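The file entry.cif contains mmCIF, C-alpha atoms:
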data_run
loop_
_atom_site.group_PDB
_atom_site.id
_atom_site.type_symbol
_atom_site.label_atom_id
_atom_site.label_comp_id
_atom_site.auth_asym_id
_atom_site.auth_seq_id
_atom_site.Cartn_x
_atom_site.Cartn_y
_atom_site.Cartn_z
ATOM 1 C CA MET R 1 0.000 0.000 0.000
ATOM 2 C CA TRP R 2 1.303 3.452 -0.815
ATOM 3 C CA LEU R 3 0.727 6.200 1.680
ATOM 4 C CA PHE R 4 1.145 9.789 0.504
ATOM 5 C CA MET R 5 1.282 12.222 3.408
ATOM 6 C CA ASN R 6 2.138 15.897 3.729
ATOM 7 C CA LYS R 7 5.787 15.264 4.562
ATOM 8 C CA SER R 8 6.426 11.712 3.472
ATOM 9 C CA PHE R 9 5.782 9.013 0.907
ATOM 10 C CA LEU R 10 5.691 5.489 2.323
ATOM 11 C CA SER R 11 5.224 1.996 0.977
ATOM 12 C CA ILE R 12 3.688 -0.506 3.400
ATOM 13 C CA VAL R 13 3.965 -4.246 2.796
ATOM 14 C CA ASN R 14 3.055 -7.365 4.756
ATOM 15 C CA LYS R 15 6.659 -8.424 5.355
ATOM 16 C CA GLY R 16 6.897 -7.621 9.038
ATOM 17 C CA GLY R 17 8.135 -9.936 11.747
ATOM 18 C CA PRO R 18 7.140 -13.595 12.058
ATOM 19 C CA SER R 19 4.555 -12.806 14.762
ATOM 20 C CA GLY R 20 2.446 -10.848 12.264
ATOM 21 C CA LYS R 21 2.209 -7.902 14.665
ATOM 22 C CA THR R 22 4.299 -5.619 12.463
ATOM 23 C CA LEU R 23 4.325 -4.426 8.873
ATOM 24 C CA LEU R 24 7.317 -3.327 6.835
ATOM 25 C CA VAL R 25 7.248 0.403 6.138
ATOM 26 C CA ARG R 26 9.565 1.498 3.337
ATOM 27 C CA ALA R 27 10.664 4.881 1.998
ATOM 28 C CA ARG R 28 12.849 6.153 -0.809
ATOM 29 C CA GLN R 29 13.887 9.369 0.904
ATOM 30 C CA ALA R 30 15.837 9.665 4.152
ATOM 31 C CA GLY R 31 13.670 10.929 6.990
ATOM 32 C CA ASP R 32 10.283 10.034 5.488
ATOM 33 C CA ILE R 33 9.657 7.195 7.942
ATOM 34 C CA GLN R 34 10.765 9.308 10.906
ATOM 35 C CA GLN R 35 8.322 12.070 9.906
ATOM 36 C CA VAL R 36 5.491 9.689 10.803
ATOM 37 C CA PHE R 37 7.239 7.367 13.268
ATOM 38 C CA PRO R 38 9.935 9.388 15.083
ATOM 39 C CA ASP R 39 11.036 6.456 17.267
ATOM 40 C CA ALA R 40 11.305 3.936 14.428
ATOM 41 C CA GLU R 41 14.502 1.948 14.031
ATOM 42 C CA VAL R 42 15.151 2.616 10.362
ATOM 43 C CA GLN R 43 17.426 0.224 8.482
ATOM 44 C CA ILE R 44 19.285 1.444 5.414
ATOM 45 C CA GLY R 45 19.564 -0.977 2.512
ATOM 46 C CA ALA R 46 22.183 -0.705 -0.168
ATOM 47 C CA GLU R 47 20.559 -1.429 -3.491
ATOM 48 C CA SER R 48 16.798 -1.579 -3.431
ATOM 49 C CA ASP R 49 13.996 0.567 -4.733
ATOM 50 C CA TYR R 50 13.075 1.555 -1.155
ATOM 51 C CA ARG R 51 16.368 2.155 0.642
ATOM 52 C CA TYR R 52 14.895 2.956 4.079
ATOM 53 C CA ARG R 53 12.887 0.333 5.994
ATOM 54 C CA ALA R 54 11.387 -0.151 9.438
ATOM 55 C CA ARG R 55 9.104 -2.698 11.045
ATOM 56 C CA ILE R 56 6.156 -0.865 12.579
ATOM 57 C CA ASP R 57 3.485 -2.284 14.880
ATOM 58 C CA ARG R 58 0.166 -2.671 13.025
ATOM 59 C CA GLU R 59 -1.781 -0.735 15.657
ATOM 60 C CA GLN R 60 0.717 2.122 15.653
ATOM 61 C CA LEU R 61 0.513 2.232 11.862
ATOM 62 C CA ALA R 62 -3.299 2.212 11.903
ATOM 63 C CA ASN R 63 -3.314 5.040 14.446
ATOM 64 C CA ALA R 64 -0.891 7.110 12.367
ATOM 65 C CA ILE R 65 -3.062 6.708 9.260
ATOM 66 C CA ALA R 66 -6.211 7.571 11.216
ATOM 67 C CA ASP R 67 -4.522 10.660 12.705
ATOM 68 C CA ALA R 68 -3.411 11.786 9.250
ATOM 69 C CA ILE R 69 -6.983 11.511 7.987
ATOM 70 C CA ARG R 70 -8.390 13.332 11.021
ATOM 71 C CA ASN R 71 -5.895 16.153 10.585
ATOM 72 C CA MET R 72 -6.032 16.335 6.792
ATOM 73 C CA ILE R 73 -6.005 19.917 5.614
ATOM 74 C CA ILE R 74 -4.370 19.912 2.200
ATOM 75 C CA VAL R 75 -6.605 19.584 -0.827
ATOM 76 C CA ILE R 76 -5.202 19.752 -4.322
ATOM 77 C CA SER R 77 -7.225 22.572 -5.768
ATOM 78 C CA ASN R 78 -6.164 22.636 -9.389
ATOM 79 C CA ARG R 79 -4.718 20.583 -12.199
ATOM 80 C CA GLN R 80 -1.381 22.424 -12.208
ATOM 81 C CA SER R 81 -0.699 21.346 -8.618
ATOM 82 C CA GLN R 82 -1.546 17.753 -9.495
ATOM 83 C CA ILE R 83 0.920 17.784 -12.377
ATOM 84 C CA ARG R 84 3.701 19.224 -10.188
ATOM 85 C CA ILE R 85 3.142 16.535 -7.550
ATOM 86 C CA ALA R 86 3.155 13.776 -10.166
ATOM 87 C CA MET R 87 6.429 15.105 -11.589
ATOM 88 C CA MET R 88 8.007 15.235 -8.111
ATOM 89 C CA LEU R 89 7.123 11.607 -7.469
ATOM 90 C CA ARG R 90 8.634 10.501 -10.770
ATOM 91 C CA ILE R 91 11.895 12.260 -9.924
ATOM 92 C CA ARG R 92 12.224 10.414 -6.615
#
How does this structure look as C-alpha cells?
Amino acid sequence: MWLFMNKSFLSIVNKGGPSGKTLLVRARQAGDIQQVFPDAEVQIGAESDYRYRARIDREQLANAIADAIRNMIIVISNRQSQIRIAMMLRIR
C-alpha cells in the first residue's frame, strides 16, 4: 500500500516480523519514515527501490493513518498542482 502524506511518501507491505504484529514500512527518501514514526529503528539498505525500511506495529501504523486523515487539511485545488506533484514523485 502506498501512503502519501504531507511530509512523506511510504510503501507498506506485509513483510513484518514472524509474529504478524508488524508491517514493513519502506521509503525512498531519508527521513520520510521518521516524519510519521519518530522512534522507528530505520534500516538502510544498499541497493533496493526503497532504501529505508522499518518494522512498525500494526496498531501504531493504523493510528498514524487515522490521525493523518483526522488532521487532513491539504486539498489539491487545481490541475497544475496535481501535475507538479506527479512530476516530483517521478523524480524520486
- I need the residue set behind the PyMOL selection byres ((chain R and resi 39-43) around 8) for this file; please write it as a PyMOL selection string. chain R and resi 33-34+37-38+44-45+52-56
As lines of an AutoDock Vina configuration file, please report the centre and edge lengths, rounded to one decimal in Å, of the axis-aligned box that holds all listed atoms of stretch 56-67 of chain R with 4 Å of padding on each of the six sides.
center_x = 0.0
center_y = 4.0
center_z = 12.5
size_x = 20.4
size_y = 21.3
size_z = 14.4
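Non-sequential neighbours of stretch 28-30 of chain R (distance at most 7 Å, separation of 3 or more positions within a chain, all atoms listed in the file) are Asp49, Tyr50, Arg51 and Tyr52 of chain R.
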Give me a file of those residues, with C-alpha atoms, as a short mmCIF file (atom, residue, chain, number, x, y, z; two decimals), in the frame of the given file.
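Wrote it out as selection_30.cif, contents follow:
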data_model
loop_
_atom_site.label_atom_id
_atom_site.label_comp_id
_atom_site.auth_asym_id
_atom_site.auth_seq_id
_atom_site.Cartn_x
_atom_site.Cartn_y
_atom_site.Cartn_z
CA ASP R 49 14.00 0.57 -4.73
CA TYR R 50 13.08 1.56 -1.16
CA ARG R 51 16.37 2.15 0.64
CA TYR R 52 14.90 2.96 4.08
#
- Task: Check what the PyMOL selection byres ((chain R and resi 12-15) around 7) selects in the file above and give those residues as a list in words.
- Result: Met1, Trp2, Leu10, Ser11, Gly16, Gly17, Leu23, Leu24, Val25 and Arg26 of chain R
- Find the residues around R:Val36 up to 9 Å (all atoms listed in the file counted), leave out those fewer than 5 positions away in its own chain, and share them as number ranges by chain. R: 5, 7-8, 64
Selection from above, C-alpha atoms, as an mmCIF file, keeping the file's coordinate frame, can you write it?
data_model
loop_
_atom_site.group_PDB
_atom_site.id
_atom_site.type_symbol
_atom_site.label_atom_id
_atom_site.label_comp_id
_atom_site.auth_asym_id
_atom_site.auth_seq_id
_atom_site.Cartn_x
_atom_site.Cartn_y
_atom_site.Cartn_z
ATOM 1 C CA MET R 5 1.282 12.222 3.408
ATOM 2 C CA LYS R 7 5.787 15.264 4.562
ATOM 3 C CA SER R 8 6.426 11.712 3.472
ATOM 4 C CA ALA R 64 -0.891 7.110 12.367
#
- Task: Work out how far apart atom CA of R:Ser19 and atom CA of R:Gln35 are and give it in Å to one decimal.
- Result: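 Between atom CA of R:Ser19 and atom CA of R:Gln35 the gap works out to 25.6 Å.
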- Query: Pick from R:Asp57, R:Glu47, R:Asp32, R:Asp67: nearest to R:Phe9, with all atoms listed in the file counted?
  - Reply: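 Result for the nearest residue to R:Phe9: R:Asp32.
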- Item | Between atom CA of R:Asn6 and atom CA of R:Thr22, distance in Å (one decimal) |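 Going from atom CA of R:Asn6 over to atom CA of R:Thr22, I get 23.3 Å.
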- Task: Go through R:Asn71, R:Ser48, R:Ala27, R:Pro18 one by one, measure the shortest atom-to-atom distance of each to R:Phe4 using all atoms listed in the file, and give the residue with the smallest value.
- Result: R:Ala27
